[in-house]
Amino acid sequence: MSRAGVRVGVGTSFRYDGETVEVVEMAATTAGNEVVLKDARGRLLRLSLKELLFSDRAAINPDGSGPSADDEGEIASVVLGQLGEAERREILERAEHVRELLTGYRSGSPELAREGEPRDEYAPSTSLEARYAAKAAELGVSSRSVRRWVTAFREQGEVGLAPSQGSTRKSQVAVDDRWVETAVEVMVEHTDQSRPSRTMVIERTRARVIARFGEGVVPQPSRATAFRLLEELERRHPLFRLSTKRNRDIAGRPEGPYGKLRPTRPGEYLLMDSTRLDVFAFDPLTLKWVQAELSVGMDWYSRCITGIRLTPVSTKAVDVSAVLFQSFRPRPAGRDWPRHAVWPEHGIPRTVLVDVEGATGPGLASPPLVPETLVVDHGKVYVSEHLTSICRRMGISIQPARLRTGRDKGPVERYFRTLREGLLQVLPGYKGPDIHSRGESPEDDAFFFLDELEAIIREWTATVYHCRPHSGLVDPGLPGLRMSPAKMFEHGLARAGYIEVPRDRDLAFEFLQTKWRTVQHYGVEIGRRRYSGPGLPEPGVRSPYDSPVKNGWPFQVDPDDITRIYFRDLATRAWHTLVWEHAPSAEMPLSEDALTFARQLAASKYRFPDDRLAVADLLERWNLGLGTTIAERRMALRLSREQAAIELPESEAETVVSLPSVRKALGQDEQATELREPDVVTETGDDDEADLEDLAGEGDFYADVLEDV
């Protein structure tokens, strides 16, 4: 058997810096072992033995045959790894026969001799020719085959006895390379187009080959061969099997390897994105079935959801600011939430900071943190002037994702899929992810209001998503440990040792929308609404601002709660709250959309309506016409169950129905004797005013859909 080692001593030949040198002397010195080399011109060179053996400048010249890294064929582990169990046993048995032929023992050593070894025909005293003949007769093969086994075993060991592997290109369809290249060219041209048929691709390829190379120059494959070729080319450039959107995503991948941002602590990157939910909801403002759009913020390191916002039809910039604001000031946890889903009020997990006094108090729905970088797409709501200026003011960097590259925000996209598969498909009104999965009339089953659906999503995220282990949350030091987002947040906080939190709670007012108005003797008027309160400057006092309105003052307005606005005193720098004159009639936060709709209702019923009458009429309609009592909820639930046409998985249904928000919305809470008012938490936003033109243009088909309930 050949050897991989070479003896190094006097007379050993090396290649050093491109020249052939020979060792003429070896000596041990105080600096270490050294050698003296002599080149072809007789010059002497003194080097350390370590430099000669391990430097890239030197390489040994072997004096005999043996294994080398540039030998043809694969390494032993690759060859043996392609064999089945039966083939491996056959090779081991054949190696035993070869060792018995050469040494007389199947193990190859007299110390491990088996019973009856060595046999007479394979005794060391027997000639090698006789042993060849005896082994060939024993195995029933020719003597030439035995000699070939012995030669291969001496050179490569057991690997030399493995059957030769055929060409790895056996599955390749035998077609001219020019025809294949043209077919790939035609397939690439259809990347951004609608999916063609295989027949059309074949016909276009044939026509282009004839036009490019001439008639009869390139052999044309048969129809069956062309179809088999396209099936193989589908692996290189998908075109027929996957969806066209998926094919474009695969075609847009970079040719070389690409990296990604790797968060090292909570709050380093905050992913923000919006998606259209696959479920219908009921809008209490317009009294119509609408599609809901969800905007979320996710901490990339821990996958914790820090902000949730559900809007009808589409998302506006004010909704994005509300999601970002929830990261600064999280929403309070629900009253019925389990203990493991509630975060302490200070936001630091109890496993990291033990807080005995606050252990039983109210908690938060998510951990508070100030993100260092926002990862967003190129939507107008995410690159608005107000949001970018606030991020610059807060010291938050904005990292735009690449165009049409969903994998740049992969974790939040995976959350949307988990939300659909784990929650939305169990709720009534689920319409499926695409038009091919849609039911006959899913809107007939929808009876959740938008605020109820948002509460359900928020609770499911806190109680299920944050507490369920994720396969993508792995600590490199413990690759076998699977952690949930809540545990990953604790791990990251303990690892980093700190967390970014807002330094001033009044910074939240900077997320709101700014309105420039003059101060009158009755207060401030915004959108035909009059506000007054302490802290306003005296009428007639000149404004120090260069405002777009003459002598105008800045006021911060929350479009989701128009019952109050905010003003900052220039002298004390303190914020003051100004209340709408009709706020006592509302008794709850009232949005700009709701007031516009209330004015439309009042104008259709009364000759001389005002805001107080409009708000009172709207509240009466909400309380009487939308079925908010438990009995009416149960009627709607029974009706939706009778209309349900698809059986949902029991495991997911049991998980979702057990949520307190779902039980309360469905009227299944038997212990509740009266309907409790939900906690009112104001969400804040930024620029875009409410787009109300579409409300006036909508028909009133659904306006009285529930009046007869």
# chains A, B, ... in the order shown; residues from 1 in each chain; ligands from 1
call {"tool": "select_by_dssp", "arguments": {"residues": "range 211-365 of chain A", "states": "strand (DSSP E or B)", "output": "VMD selection string"}}
result
chain A and resid 269 to 283 288 to 299 305 to 312 332 343 364
call {"tool": "write_last_selection", "arguments": {"atoms": "C-alpha atoms", "output": "PDB file, in the first residue's frame"}}
result
ATOM      1  CA  TYR A 269     -33.360  47.048  14.461  1.00  0.00           C
ATOM      2  CA  LEU A 270     -37.128  47.574  14.297  1.00  0.00           C
ATOM      3  CA  LEU A 271     -38.927  46.078  11.303  1.00  0.00           C
ATOM      4  CA  MET A 272     -42.101  47.858  10.185  1.00  0.00           C
ATOM      5  CA  ASP A 273     -44.496  46.690   7.503  1.00  0.00           C
ATOM      6  CA  SER A 274     -48.188  46.627   6.543  1.00  0.00           C
ATOM      7  CA  THR A 275     -50.294  43.890   4.975  1.00  0.00           C
ATOM      8  CA  ARG A 276     -53.879  43.359   3.902  1.00  0.00           C
ATOM      9  CA  LEU A 277     -55.511  40.836   6.225  1.00  0.00           C
ATOM     10  CA  ASP A 278     -57.342  37.839   4.788  1.00  0.00           C
ATOM     11  CA  VAL A 279     -60.471  38.512   6.805  1.00  0.00           C
ATOM     12  CA  PHE A 280     -63.410  40.908   6.569  1.00  0.00           C
ATOM     13  CA  ALA A 281     -64.385  43.192   9.446  1.00  0.00           C
ATOM     14  CA  PHE A 282     -67.158  45.650  10.212  1.00  0.00           C
ATOM     15  CA  ASP A 283     -66.407  49.363  10.313  1.00  0.00           C
ATOM     16  CA  LYS A 288     -69.982  48.690   6.018  1.00  0.00           C
ATOM     17  CA  TRP A 289     -67.984  45.498   5.603  1.00  0.00           C
ATOM     18  CA  VAL A 290     -64.391  46.459   4.880  1.00  0.00           C
ATOM     19  CA  GLN A 291     -61.027  44.847   4.387  1.00  0.00           C
ATOM     20  CA  ALA A 292     -58.595  45.519   7.204  1.00  0.00           C
ATOM     21  CA  GLU A 293     -54.919  46.392   6.852  1.00  0.00           C
ATOM     22  CA  LEU A 294     -52.492  45.585   9.650  1.00  0.00           C
ATOM     23  CA  SER A 295     -49.341  47.573  10.453  1.00  0.00           C
ATOM     24  CA  VAL A 296     -46.862  46.190  12.969  1.00  0.00           C
ATOM     25  CA  GLY A 297     -43.459  46.920  14.410  1.00  0.00           C
ATOM     26  CA  MET A 298     -41.171  44.009  15.291  1.00  0.00           C
ATOM     27  CA  ASP A 299     -37.914  43.908  17.209  1.00  0.00           C
ATOM     28  CA  ILE A 305     -44.168  42.733  18.348  1.00  0.00           C
ATOM     29  CA  THR A 306     -43.863  46.232  19.815  1.00  0.00           C
ATOM     30  CA  GLY A 307     -46.724  47.953  17.978  1.00  0.00           C
ATOM     31  CA  ILE A 308     -49.992  46.919  16.297  1.00  0.00           C
ATOM     32  CA  ARG A 309     -52.386  49.090  14.310  1.00  0.00           C
ATOM     33  CA  LEU A 310     -55.469  47.936  12.379  1.00  0.00           C
ATOM     34  CA  THR A 311     -56.988  50.315   9.842  1.00  0.00           C
ATOM     35  CA  PRO A 312     -59.858  50.033   7.361  1.00  0.00           C
ATOM     36  CA  PRO A 332     -51.560  48.364  28.724  1.00  0.00           C
ATOM     37  CA  TRP A 343     -44.858  42.558  30.850  1.00  0.00           C
ATOM     38  CA  LEU A 364     -47.881  46.177  29.510  1.00  0.00           C
TER      39      LEU A 364
END
call {"tool": "select_by_dssp", "arguments": {"residues": "range 335-549 of chain A", "states": "alpha helix (DSSP H)", "output": "PyMOL selection string"}}
result
chain A and resi 385-394+410-422+450-460+485-496
call {"tool": "closest_residue", "arguments": {"among": "A:Arg505, A:Arg528, A:Arg482, A:Arg212", "to": "Phe325 in chain A", "atoms": "only C-alpha atoms"}}
result
A:Arg505
call {"tool": "residues_around", "arguments": {"residues": "Leu52 in chain A", "least_positions_apart": "3", "cutoff": "10 Å", "atoms": "only C-alpha atoms", "output": "ChimeraX atom specification"}}
result
/A:14-16,34-35,37,47-49,55-60
